[in-house]
file my_file.pdb (PDB, C-alpha atoms)
ATOM      1  CA  MET A   3      20.435 -29.001   6.856
ATOM      2  CA  SER A   4      16.909 -27.755   7.518
ATOM      3  CA  GLN A   5      14.497 -26.905   4.760
ATOM      4  CA  ILE A   6      13.923 -23.313   3.761
ATOM      5  CA  ASN A   7      10.331 -22.120   3.719
ATOM      6  CA  PHE A   8      10.196 -20.138   0.463
ATOM      7  CA  GLN A   9       6.527 -19.238   0.547
ATOM      8  CA  ARG A  10       7.056 -17.135   3.634
ATOM      9  CA  ILE A  11       9.540 -14.777   2.021
ATOM     10  CA  PRO A  12       7.859 -11.939   0.109
ATOM     11  CA  GLY A  13       9.522 -10.670  -3.068
ATOM     12  CA  LEU A  14      11.549 -13.855  -3.476
ATOM     13  CA  ILE A  15      13.016 -14.266  -6.961
ATOM     14  CA  ALA A  16      15.226 -17.346  -6.704
ATOM     15  CA  VAL A  17      17.333 -19.489  -4.379
ATOM     16  CA  TYR A  18      20.600 -21.201  -5.298
ATOM     17  CA  ARG A  19      23.249 -23.229  -3.542
ATOM     18  CA  LEU A  20      26.917 -22.793  -4.323
ATOM     19  CA  GLU A  21      28.299 -26.294  -4.912
ATOM     20  CA  ASN A  22      31.816 -26.815  -6.221
ATOM     21  CA  ASP A  23      32.016 -23.258  -7.592
ATOM     22  CA  ARG A  24      28.716 -23.690  -9.429
ATOM     23  CA  LEU A  25      25.316 -22.227  -8.591
ATOM     24  CA  VAL A  26      22.680 -24.943  -8.416
ATOM     25  CA  GLU A  27      19.066 -23.845  -8.606
ATOM     26  CA  VAL A  28      16.986 -24.725  -5.554
ATOM     27  CA  HIS A  29      13.859 -22.701  -6.205
ATOM     28  CA  LYS A  30      12.795 -20.141  -8.798
ATOM     29  CA  ASN A  31       9.757 -17.866  -8.846
ATOM     30  CA  ARG A  32      10.775 -15.890 -11.890
ATOM     31  CA  PRO A  33      13.742 -15.743 -14.255
ATOM     32  CA  ILE A  34      16.669 -13.519 -13.396
ATOM     33  CA  ASN A  35      18.866 -12.092 -16.078
ATOM     34  CA  VAL A  36      22.298 -12.626 -14.511
ATOM     35  CA  ASP A  37      25.341 -14.592 -15.653
ATOM     36  CA  LEU A  38      25.433 -17.321 -12.969
ATOM     37  CA  GLY A  39      29.057 -18.172 -13.686
ATOM     38  CA  LYS A  40      30.131 -14.580 -13.067
ATOM     39  CA  LEU A  41      27.910 -14.372 -10.012
ATOM     40  CA  ALA A  42      29.413 -17.556  -8.540
ATOM     41  CA  SER A  43      32.960 -16.250  -8.876
ATOM     42  CA  ILE A  44      31.954 -12.880  -7.389
ATOM     43  CA  LEU A  45      30.334 -14.625  -4.408
ATOM     44  CA  LYS A  46      33.459 -16.686  -3.786
ATOM     45  CA  GLU A  47      35.738 -13.670  -4.106
ATOM     46  CA  ASN A  48      33.571 -11.604  -1.745
ATOM     47  CA  MET A  49      33.568 -14.371   0.856
ATOM     48  CA  GLU A  50      37.374 -14.415   0.791
ATOM     49  CA  ILE A  51      37.671 -10.618   0.981
ATOM     50  CA  GLY A  52      34.961 -10.482   3.649
ATOM     51  CA  SER A  53      36.652 -13.093   5.842
ATOM     52  CA  GLN A  54      39.936 -11.196   5.715
ATOM     53  CA  GLU A  55      38.220  -7.892   6.470
ATOM     54  CA  ALA A  56      36.277  -9.491   9.340
ATOM     55  CA  LYS A  57      39.542 -10.757  10.849
ATOM     56  CA  ARG A  58      41.032  -7.266  10.692
ATOM     57  CA  LEU A  59      37.915  -5.728  12.231
ATOM     58  CA  LYS A  60      37.710  -8.552  14.834
ATOM     59  CA  LEU A  61      34.081  -7.738  15.768
ATOM     60  CA  LEU A  62      32.708  -9.302  12.551
ATOM     61  CA  ASP A  63      34.742 -12.483  12.952
ATOM     62  CA  PRO A  64      33.707 -15.249  12.258
ATOM     63  CA  PHE A  65      32.334 -13.983   8.964
ATOM     64  CA  LEU A  66      29.203 -15.809   7.764
ATOM     65  CA  GLY A  67      28.178 -13.988   4.615
ATOM     66  CA  PHE A  68      26.985 -10.772   3.084
ATOM     67  CA  ALA A  69      24.080  -8.988   1.438
ATOM     68  CA  MET A  70      24.163  -6.376  -1.279
ATOM     69  CA  ILE A  71      21.547  -4.396  -3.137
ATOM     70  CA  VAL A  72      22.359  -3.857  -6.798
ATOM     71  CA  ASP A  73      19.808  -1.559  -8.411
ATOM     72  CA  ASP A  74      16.565  -3.090  -7.081
ATOM     73  CA  ILE A  75      17.839  -6.636  -6.640
ATOM     74  CA  GLY A  76      18.840  -8.037  -3.279
ATOM     75  CA  ILE A  77      21.664 -10.588  -3.250
ATOM     76  CA  THR A  78      22.086 -12.389   0.059
ATOM     77  CA  PHE A  79      24.763 -15.034   0.459
ATOM     78  CA  ILE A  80      25.185 -16.882   3.755
ATOM     79  CA  GLY A  81      26.926 -20.227   4.130
ATOM     80  CA  ASP A  82      26.458 -21.720   0.671
ATOM     81  CA  LEU A  83      22.948 -20.362   0.203
ATOM     82  CA  LEU A  84      22.170 -17.568  -2.268
ATOM     83  CA  ILE A  85      18.812 -15.812  -1.946
ATOM     84  CA  ILE A  86      17.863 -13.357  -4.693
ATOM     85  CA  THR A  87      14.993 -11.004  -3.887
ATOM     86  CA  ASP A  88      13.193  -7.901  -5.015
ATOM     87  CA  ALA A  89      14.990  -5.507  -2.679
ATOM     88  CA  ARG A  90      11.988  -3.202  -2.196
ATOM     89  CA  GLY A  91       9.323  -5.875  -1.999
ATOM     90  CA  THR A  92      11.012  -8.315   0.343
ATOM     91  CA  ASN A  93      11.293  -8.459   4.101
ATOM     92  CA  TRP A  94      15.014  -8.253   4.857
ATOM     93  CA  ASP A  95      14.666  -9.437   8.410
ATOM     94  CA  MET A  96      13.042 -12.627   7.129
ATOM     95  CA  VAL A  97      15.608 -13.137   4.336
ATOM     96  CA  ILE A  98      18.685 -12.761   6.530
ATOM     97  CA  LYS A  99      17.357 -14.635   9.552
ATOM     98  CA  GLU A 100      16.015 -17.456   7.360
ATOM     99  CA  ALA A 101      19.384 -17.720   5.593
ATOM    100  CA  LEU A 102      21.170 -17.818   8.968
ATOM    101  CA  ARG A 103      18.773 -20.464  10.236
ATOM    102  CA  VAL A 104      19.112 -22.676   7.146
ATOM    103  CA  SER A 105      22.899 -22.475   7.213
ATOM    104  CA  GLY A 106      22.765 -23.564  10.838
ATOM    105  CA  GLN A 107      23.825 -20.310  12.526
TER     106      GLN A 107
ATOM    107  CA  MET B 264      16.885   1.051  17.264
ATOM    108  CA  ARG B 265      17.239  -2.247  19.059
ATOM    109  CA  GLY B 266      20.397  -4.245  18.390
ATOM    110  CA  VAL B 267      22.494  -1.308  17.183
ATOM    111  CA  HIS B 268      25.970  -1.316  18.711
ATOM    112  CA  GLY B 269      27.811   1.532  17.009
ATOM    113  CA  TYR B 270      27.742   4.075  14.248
ATOM    114  CA  ILE B 271      30.206   5.696  11.835
ATOM    115  CA  LYS B 272      29.531   8.522   9.408
ATOM    116  CA  ILE B 273      31.948   8.964   6.529
ATOM    117  CA  ASN B 274      32.195  11.462   3.688
ATOM    118  CA  ASP B 275      32.639  10.757  -0.033
ATOM    119  CA  GLU B 276      36.416  10.600   0.316
ATOM    120  CA  GLY B 277      36.103   7.940   2.999
ATOM    121  CA  LYS B 278      37.103  10.214   5.890
ATOM    122  CA  VAL B 279      35.424   9.686   9.252
ATOM    123  CA  ILE B 280      33.112  12.597  10.133
ATOM    124  CA  GLU B 281      31.607  11.143  13.267
ATOM    125  CA  SER B 282      31.638   7.885  15.151
ATOM    126  CA  GLN B 283      30.022   6.431  18.203
ATOM    127  CA  ASN B 284      31.047   3.357  20.165
ATOM    128  CA  VAL B 285      33.448   2.131  17.459
ATOM    129  CA  GLU B 286      37.049   1.263  18.112
ATOM    130  CA  ASN B 287      39.407   2.423  15.398
ATOM    131  CA  PRO B 288      36.762   4.007  13.104
ATOM    132  CA  GLU B 289      39.380   4.865  10.428
ATOM    133  CA  GLN B 290      39.993   1.178   9.822
ATOM    134  CA  TRP B 291      36.256   0.543   9.417
ATOM    135  CA  ALA B 292      35.958   3.528   7.066
ATOM    136  CA  GLU B 293      38.826   2.256   4.935
ATOM    137  CA  ILE B 294      37.198  -1.175   4.572
ATOM    138  CA  ILE B 295      33.749   0.316   3.876
ATOM    139  CA  THR B 296      35.153   2.593   1.163
ATOM    140  CA  TYR B 297      36.944  -0.332  -0.451
ATOM    141  CA  ASN B 298      33.774  -2.458  -0.363
ATOM    142  CA  VAL B 299      31.667   0.294  -1.937
ATOM    143  CA  LYS B 300      34.167   0.613  -4.794
ATOM    144  CA  LYS B 301      34.381  -3.156  -5.218
ATOM    145  CA  GLY B 302      30.594  -3.577  -4.980
ATOM    146  CA  ASN B 303      29.978  -1.003  -7.694
ATOM    147  CA  GLU B 304      32.463  -2.763  -9.972
ATOM    148  CA  GLU B 305      30.716  -6.071  -9.337
ATOM    149  CA  ALA B 306      27.291  -4.546  -9.969
ATOM    150  CA  ARG B 307      28.468  -3.327 -13.379
ATOM    151  CA  GLU B 308      30.122  -6.647 -14.140
ATOM    152  CA  LEU B 309      26.781  -8.372 -13.560
ATOM    153  CA  GLY B 310      24.954  -5.912 -15.803
ATOM    154  CA  PHE B 311      23.471  -3.677 -13.108
ATOM    155  CA  GLY B 312      23.887   0.056 -12.629
ATOM    156  CA  ARG B 313      25.205   0.427  -9.104
ATOM    157  CA  MET B 314      25.316  -0.998  -5.629
ATOM    158  CA  ASN B 315      22.885   0.732  -3.323
ATOM    159  CA  GLY B 316      24.135  -0.752  -0.103
ATOM    160  CA  PHE B 317      25.686  -3.761   1.542
ATOM    161  CA  ALA B 318      25.881  -5.729   4.747
ATOM    162  CA  MET B 319      28.690  -7.915   6.094
ATOM    163  CA  ILE B 320      27.240 -10.559   8.345
ATOM    164  CA  GLY B 321      29.273 -11.976  11.188
ATOM    165  CA  LYS B 322      28.245 -14.526  13.774
ATOM    166  CA  GLU B 323      27.707 -12.031  16.552
ATOM    167  CA  TYR B 324      28.078  -8.618  14.962
ATOM    168  CA  SER B 325      27.360  -7.331  11.469
ATOM    169  CA  LEU B 326      28.048  -4.174   9.510
ATOM    170  CA  THR B 327      25.643  -2.344   7.224
ATOM    171  CA  PHE B 328      26.459   0.666   5.152
ATOM    172  CA  MET B 329      23.805   3.195   4.201
ATOM    173  CA  LYS B 330      23.860   6.719   2.827
ATOM    174  CA  GLY B 331      27.340   7.583   4.082
ATOM    175  CA  GLY B 332      26.536   6.005   7.429
ATOM    176  CA  ALA B 333      27.511   2.604   8.747
ATOM    177  CA  TYR B 334      25.852   0.754  11.575
ATOM    178  CA  ILE B 335      27.471  -2.005  13.567
ATOM    179  CA  VAL B 336      24.650  -4.210  14.772
ATOM    180  CA  LYS B 337      24.060  -7.418  16.675
ATOM    181  CA  THR B 338      23.284  -9.976  13.973
ATOM    182  CA  ASN B 339      20.441 -11.747  15.735
ATOM    183  CA  GLU B 340      18.949  -8.856  17.677
ATOM    184  CA  VAL B 341      18.584  -6.171  15.040
ATOM    185  CA  ASN B 342      15.530  -5.937  12.780
ATOM    186  CA  TRP B 343      17.109  -6.059   9.331
ATOM    187  CA  GLN B 344      13.981  -4.742   7.659
ATOM    188  CA  GLU B 345      14.068  -1.552   9.737
ATOM    189  CA  LEU B 346      17.767  -1.274   9.049
ATOM    190  CA  PHE B 347      17.507  -1.514   5.253
ATOM    191  CA  ILE B 348      14.256   0.196   4.459
ATOM    192  CA  LYS B 349      12.238   3.128   5.729
ATOM    193  CA  TYR B 350       9.028   4.977   4.998
ATOM    194  CA  THR B 351       9.200   8.420   3.504
ATOM    195  CA  TYR B 352       6.461  10.990   3.849
ATOM    196  CA  SER B 353       5.361  13.430   1.177
ATOM    197  CA  MET B 354       5.268  16.734   3.079
ATOM    198  CA  THR B 355       2.902  18.551   0.676
ATOM    199  CA  THR B 356       0.383  15.691   0.713
ATOM    200  CA  LEU B 357       0.668  15.409   4.482
ATOM    201  CA  ILE B 358       0.104  19.160   5.057
ATOM    202  CA  ALA B 359      -2.796  19.298   2.544
ATOM    203  CA  GLY B 360      -4.360  16.308   4.326
ATOM    204  CA  ILE B 361      -4.013  17.937   7.748
ATOM    205  CA  VAL B 362      -5.438  21.272   6.530
ATOM    206  CA  LEU B 363      -8.469  19.680   4.811
ATOM    207  CA  THR B 364      -9.209  17.397   7.759
ATOM    208  CA  ALA B 365      -8.937  20.318  10.204
ATOM    209  CA  LEU B 366     -11.237  22.470   8.042
ATOM    210  CA  ALA B 367     -13.772  19.642   7.811
ATOM    211  CA  ILE B 368     -13.783  19.227  11.600
ATOM    212  CA  LEU B 369     -14.175  23.002  12.055
ATOM    213  CA  PHE B 370     -17.162  23.099   9.639
ATOM    214  CA  PHE B 371     -18.747  20.128  11.389
ATOM    215  CA  ILE B 372     -18.422  21.913  14.717
ATOM    216  CA  ILE B 373     -20.086  25.041  13.287
ATOM    217  CA  ASP B 374     -22.828  22.977  11.618
ATOM    218  CA  LEU B 375     -23.578  20.855  14.658
ATOM    219  CA  THR B 376     -23.161  23.184  17.648
ATOM    220  CA  PRO B 377     -26.093  25.571  18.229
ATOM    221  CA  LEU B 378     -23.986  27.603  20.661
ATOM    222  CA  VAL B 379     -21.462  28.273  17.890
ATOM    223  CA  ASN B 380     -23.746  28.656  14.850
ATOM    224  CA  SER B 381     -26.033  31.045  16.718
ATOM    225  CA  ILE B 382     -23.294  33.662  16.207
ATOM    226  CA  PRO B 383     -24.194  35.089  12.757
ATOM    227  CA  TYR B 384     -20.584  35.782  11.650
ATOM    228  CA  VAL B 385     -19.260  32.341  12.654
ATOM    229  CA  ASN B 386     -22.326  30.696  11.122
ATOM    230  CA  SER B 387     -21.638  32.357   7.767
ATOM    231  CA  LEU B 388     -18.129  30.787   7.697
ATOM    232  CA  ALA B 389     -19.439  27.264   7.141
ATOM    233  CA  PRO B 390     -19.979  26.570   3.431
ATOM    234  CA  GLU B 391     -23.277  25.375   1.947
ATOM    235  CA  PRO B 392     -24.564  22.741   1.487
ATOM    236  CA  ARG B 393     -23.991  21.978   5.147
ATOM    237  CA  PHE B 394     -22.697  18.513   6.173
ATOM    238  CA  TYR B 395     -22.161  17.627   2.518
ATOM    239  CA  ILE B 396     -19.102  19.906   2.058
ATOM    240  CA  PRO B 397     -17.309  18.897   5.297
ATOM    241  CA  SER B 398     -18.118  15.219   4.598
ATOM    242  CA  MET B 399     -16.389  15.498   1.215
ATOM    243  CA  LEU B 400     -13.506  17.441   2.778
ATOM    244  CA  ILE B 401     -12.888  14.854   5.484
ATOM    245  CA  ILE B 402     -12.914  12.007   2.952
ATOM    246  CA  ILE B 403     -10.380  13.782   0.731
ATOM    247  CA  GLY B 404      -8.341  14.809   3.789
ATOM    248  CA  VAL B 405      -8.089  11.263   5.126
ATOM    249  CA  ILE B 406      -7.182   9.913   1.662
ATOM    250  CA  LEU B 407      -4.381  12.495   1.417
ATOM    251  CA  LEU B 408      -3.122  11.606   4.909
ATOM    252  CA  ALA B 409      -3.017   7.921   3.971
ATOM    253  CA  ALA B 410      -1.303   8.657   0.649
ATOM    254  CA  SER B 411       1.363  10.838   2.251
ATOM    255  CA  LYS B 412       3.033   7.767   3.694
ATOM    256  CA  SER B 413       4.828   6.714   0.555
ATOM    257  CA  LYS B 414       6.177   3.337  -0.395
ATOM    258  CA  PHE B 415       9.326   1.939   1.129
ATOM    259  CA  ASN B 416      12.530   3.690   0.295
ATOM    260  CA  TYR B 417      16.022   2.432   0.746
ATOM    261  CA  ARG B 418      17.765   3.770   3.746
ATOM    262  CA  LEU B 419      20.846   2.555   1.957
ATOM    263  CA  SER B 420      20.689   4.528  -1.270
TER     264      SER B 420
END
call {"tool": "encode", "arguments": {"input": "my_file.pdb", "output": "structure tokens"}}
result
Amino acid sequence: MSQINFQRIPGLIAVYRLENDRLVEVHKNRPINVDLGKLASILKENMEIGSQEAKRLKLLDPFLGFAMIVDDIGITFIGDLLIITDARGTNWDMVIKEALRVSGQ
Amino acid sequence: MRGVHGYIKINDEGKVIESQNVENPEQWAEIITYNVKKGNEEARELGFGRMNGFAMIGKEYSLTFMKGGAYIVKTNEVNWQELFIKYTYSMTTLIAGIVLTALAILFFIIDLTPLVNSIPYVNSLAPEPRFYIPSMLIIIGVILLAASKSKFNYRLS
């Protein structure tokens, strides 16, 4: 798996990998006040729901991941890679395309 | 916008108001409405206020939902930054900037053109001290024009 170039992404808060239902820290610029256990189970659940929805909608199949903005925080999950960003300060094109590239898509 | 395939507009109850180039828009609307509800629950569970928007990313096509409108886009062709975020303009600042800049240009023309300032009435329109006033006006005008383009705003909220 290719290396992610963190310095290029503006507004980056942290990067994690989901490994065996646990979020493992890959890179952190500043602390984020989120329960990582809860977040991990939400990511897994959303991937399952998303895959089913993508199959029903056909066009989105195969489903690779999702992004959501909660308040001002961007949560992008593609493959097993979680990228947390400042939703207003980041460049979304960079975040999503970098995540796709790193996960080999 | 490049890479946009289709569009659906839905109301608060999840009913389709308008759609373009989308097969079976009701099914999309149903899934979007469910995801918004689910996303808001998850946001609260994680200690946030609300979900402002989401994207489902597929290999070829993706879905983004924003302000009651959903776009179906080509994952690799669309510019995600343009899709998520937009500039907003402050109308009052913009209009004030245009008016001041236009006035400054008008005063400069009067001050600098002998053909124009030889007409006594027109000449009396330009404020004193000459050059100084329109110079100040144009500086303020340009600052207002620059400031009218506000910071990024979510397209999604």
call {"tool": "resolve_selection", "arguments": {"input": "my_file.pdb", "expression": "the PyMOL selection byres ((chain B) within 10 of (chain A))", "output": "PDB file with C-alpha atoms, keeping the file's coordinate frame"}}
result
ATOM      1  CA  GLU B 286      37.049   1.263  18.112  1.00  0.00           C
ATOM      2  CA  ASN B 287      39.407   2.423  15.398  1.00  0.00           C
ATOM      3  CA  PRO B 288      36.762   4.007  13.104  1.00  0.00           C
ATOM      4  CA  GLN B 290      39.993   1.178   9.822  1.00  0.00           C
ATOM      5  CA  TRP B 291      36.256   0.543   9.417  1.00  0.00           C
ATOM      6  CA  ILE B 294      37.198  -1.175   4.572  1.00  0.00           C
ATOM      7  CA  ILE B 295      33.749   0.316   3.876  1.00  0.00           C
ATOM      8  CA  ASN B 298      33.774  -2.458  -0.363  1.00  0.00           C
ATOM      9  CA  LYS B 301      34.381  -3.156  -5.218  1.00  0.00           C
ATOM     10  CA  GLY B 302      30.594  -3.577  -4.980  1.00  0.00           C
ATOM     11  CA  ASN B 303      29.978  -1.003  -7.694  1.00  0.00           C
ATOM     12  CA  GLU B 305      30.716  -6.071  -9.337  1.00  0.00           C
ATOM     13  CA  ALA B 306      27.291  -4.546  -9.969  1.00  0.00           C
ATOM     14  CA  ARG B 307      28.468  -3.327 -13.379  1.00  0.00           C
ATOM     15  CA  GLU B 308      30.122  -6.647 -14.140  1.00  0.00           C
ATOM     16  CA  LEU B 309      26.781  -8.372 -13.560  1.00  0.00           C
ATOM     17  CA  GLY B 310      24.954  -5.912 -15.803  1.00  0.00           C
ATOM     18  CA  PHE B 311      23.471  -3.677 -13.108  1.00  0.00           C
ATOM     19  CA  GLY B 312      23.887   0.056 -12.629  1.00  0.00           C
ATOM     20  CA  ARG B 313      25.205   0.427  -9.104  1.00  0.00           C
ATOM     21  CA  MET B 314      25.316  -0.998  -5.629  1.00  0.00           C
ATOM     22  CA  ASN B 315      22.885   0.732  -3.323  1.00  0.00           C
ATOM     23  CA  GLY B 316      24.135  -0.752  -0.103  1.00  0.00           C
ATOM     24  CA  PHE B 317      25.686  -3.761   1.542  1.00  0.00           C
ATOM     25  CA  ALA B 318      25.881  -5.729   4.747  1.00  0.00           C
ATOM     26  CA  MET B 319      28.690  -7.915   6.094  1.00  0.00           C
ATOM     27  CA  ILE B 320      27.240 -10.559   8.345  1.00  0.00           C
ATOM     28  CA  GLY B 321      29.273 -11.976  11.188  1.00  0.00           C
ATOM     29  CA  LYS B 322      28.245 -14.526  13.774  1.00  0.00           C
ATOM     30  CA  GLU B 323      27.707 -12.031  16.552  1.00  0.00           C
ATOM     31  CA  TYR B 324      28.078  -8.618  14.962  1.00  0.00           C
ATOM     32  CA  SER B 325      27.360  -7.331  11.469  1.00  0.00           C
ATOM     33  CA  LEU B 326      28.048  -4.174   9.510  1.00  0.00           C
ATOM     34  CA  THR B 327      25.643  -2.344   7.224  1.00  0.00           C
ATOM     35  CA  PHE B 328      26.459   0.666   5.152  1.00  0.00           C
ATOM     36  CA  ILE B 335      27.471  -2.005  13.567  1.00  0.00           C
ATOM     37  CA  VAL B 336      24.650  -4.210  14.772  1.00  0.00           C
ATOM     38  CA  LYS B 337      24.060  -7.418  16.675  1.00  0.00           C
ATOM     39  CA  THR B 338      23.284  -9.976  13.973  1.00  0.00           C
ATOM     40  CA  ASN B 339      20.441 -11.747  15.735  1.00  0.00           C
ATOM     41  CA  VAL B 341      18.584  -6.171  15.040  1.00  0.00           C
ATOM     42  CA  ASN B 342      15.530  -5.937  12.780  1.00  0.00           C
ATOM     43  CA  TRP B 343      17.109  -6.059   9.331  1.00  0.00           C
ATOM     44  CA  GLN B 344      13.981  -4.742   7.659  1.00  0.00           C
ATOM     45  CA  GLU B 345      14.068  -1.552   9.737  1.00  0.00           C
ATOM     46  CA  LEU B 346      17.767  -1.274   9.049  1.00  0.00           C
ATOM     47  CA  PHE B 347      17.507  -1.514   5.253  1.00  0.00           C
ATOM     48  CA  ILE B 348      14.256   0.196   4.459  1.00  0.00           C
ATOM     49  CA  LYS B 414       6.177   3.337  -0.395  1.00  0.00           C
ATOM     50  CA  PHE B 415       9.326   1.939   1.129  1.00  0.00           C
ATOM     51  CA  ASN B 416      12.530   3.690   0.295  1.00  0.00           C
ATOM     52  CA  TYR B 417      16.022   2.432   0.746  1.00  0.00           C
ATOM     53  CA  LEU B 419      20.846   2.555   1.957  1.00  0.00           C
ATOM     54  CA  SER B 420      20.689   4.528  -1.270  1.00  0.00           C
TER      55      SER B 420
END
call {"tool": "resolve_selection", "arguments": {"input": "my_file.pdb", "expression": "the PyMOL selection byres ((chain B and resi 400-412) around 9)", "output": "PyMOL selection string"}}
result
chain B and resi 350-368+395-399+413-415
call {"tool": "resolve_selection", "arguments": {"input": "my_file.pdb", "expression": "the PyMOL selection byres ((chain A and resi 27-34) around 6)", "output": "PyMOL selection string"}}
result
chain A and resi 15-18+26+35-36
call {"tool": "closest_residue", "arguments": {"input": "my_file.pdb", "among": "A:Ala42, A:Lys57, A:Leu84, A:Glu47", "to": "A:Glu100", "atoms": "all atoms listed in the file"}}
result
A:Leu84
call {"tool": "axis_aligned_box", "arguments": {"input": "my_file.pdb", "around": "stretch 79-98 of chain A", "padding_each_side": "4 Å", "output": "AutoDock Vina command-line options"}}
result
--center_x 18.1 --center_y -12.5 --center_z 1.7 --size_x 25.6 --size_y 26.5 --size_z 21.4
call {"tool": "atom_distance", "arguments": {"input": "my_file.pdb", "atom1": "atom CA of B:Arg265", "atom2": "atom CA of B:Glu340"}}
result
7.0 Å
call {"tool": "atom_distance", "arguments": {"input": "my_file.pdb", "atom1": "atom CA of B:Val279", "atom2": "atom CA of B:Met264"}}
result
22.0 Å
call {"tool": "atom_distance", "arguments": {"input": "my_file.pdb", "atom1": "atom CA of A:Asn22", "atom2": "atom CA of A:Ile86"}}
result
19.4 Å
call {"tool": "closest_residue", "arguments": {"input": "my_file.pdb", "among": "A:Leu25, A:Arg103, A:Asp88, A:Glu50", "to": "A:Ile11", "atoms": "all atoms listed in the file"}}
result
A:Asp88
call {"tool": "residues_around", "arguments": {"input": "my_file.pdb", "residues": "B:Gly269", "least_positions_apart": "5", "cutoff": "6 Å", "atoms": "all atoms listed in the file", "output": "ChimeraX atom specification"}}
result
/B:283-285,334-335
call {"tool": "write_last_selection", "arguments": {"input": "my_file.pdb", "atoms": "C-alpha atoms", "output": "PDB file, in the coordinates of the input"}}
result
ATOM      1  CA  GLN B 283      30.022   6.431  18.203  1.00  0.00           C
ATOM      2  CA  ASN B 284      31.047   3.357  20.165  1.00  0.00           C
ATOM      3  CA  VAL B 285      33.448   2.131  17.459  1.00  0.00           C
ATOM      4  CA  TYR B 334      25.852   0.754  11.575  1.00  0.00           C
ATOM      5  CA  ILE B 335      27.471  -2.005  13.567  1.00  0.00           C
TER       6      ILE B 335
END
call {"tool": "residues_around", "arguments": {"input": "my_file.pdb", "residues": "B:Gly331", "least_positions_apart": "3", "cutoff": "7 Å", "atoms": "only C-alpha atoms", "output": "list in words"}}
result
Lys272, Ile273 and Asn274 of chain B
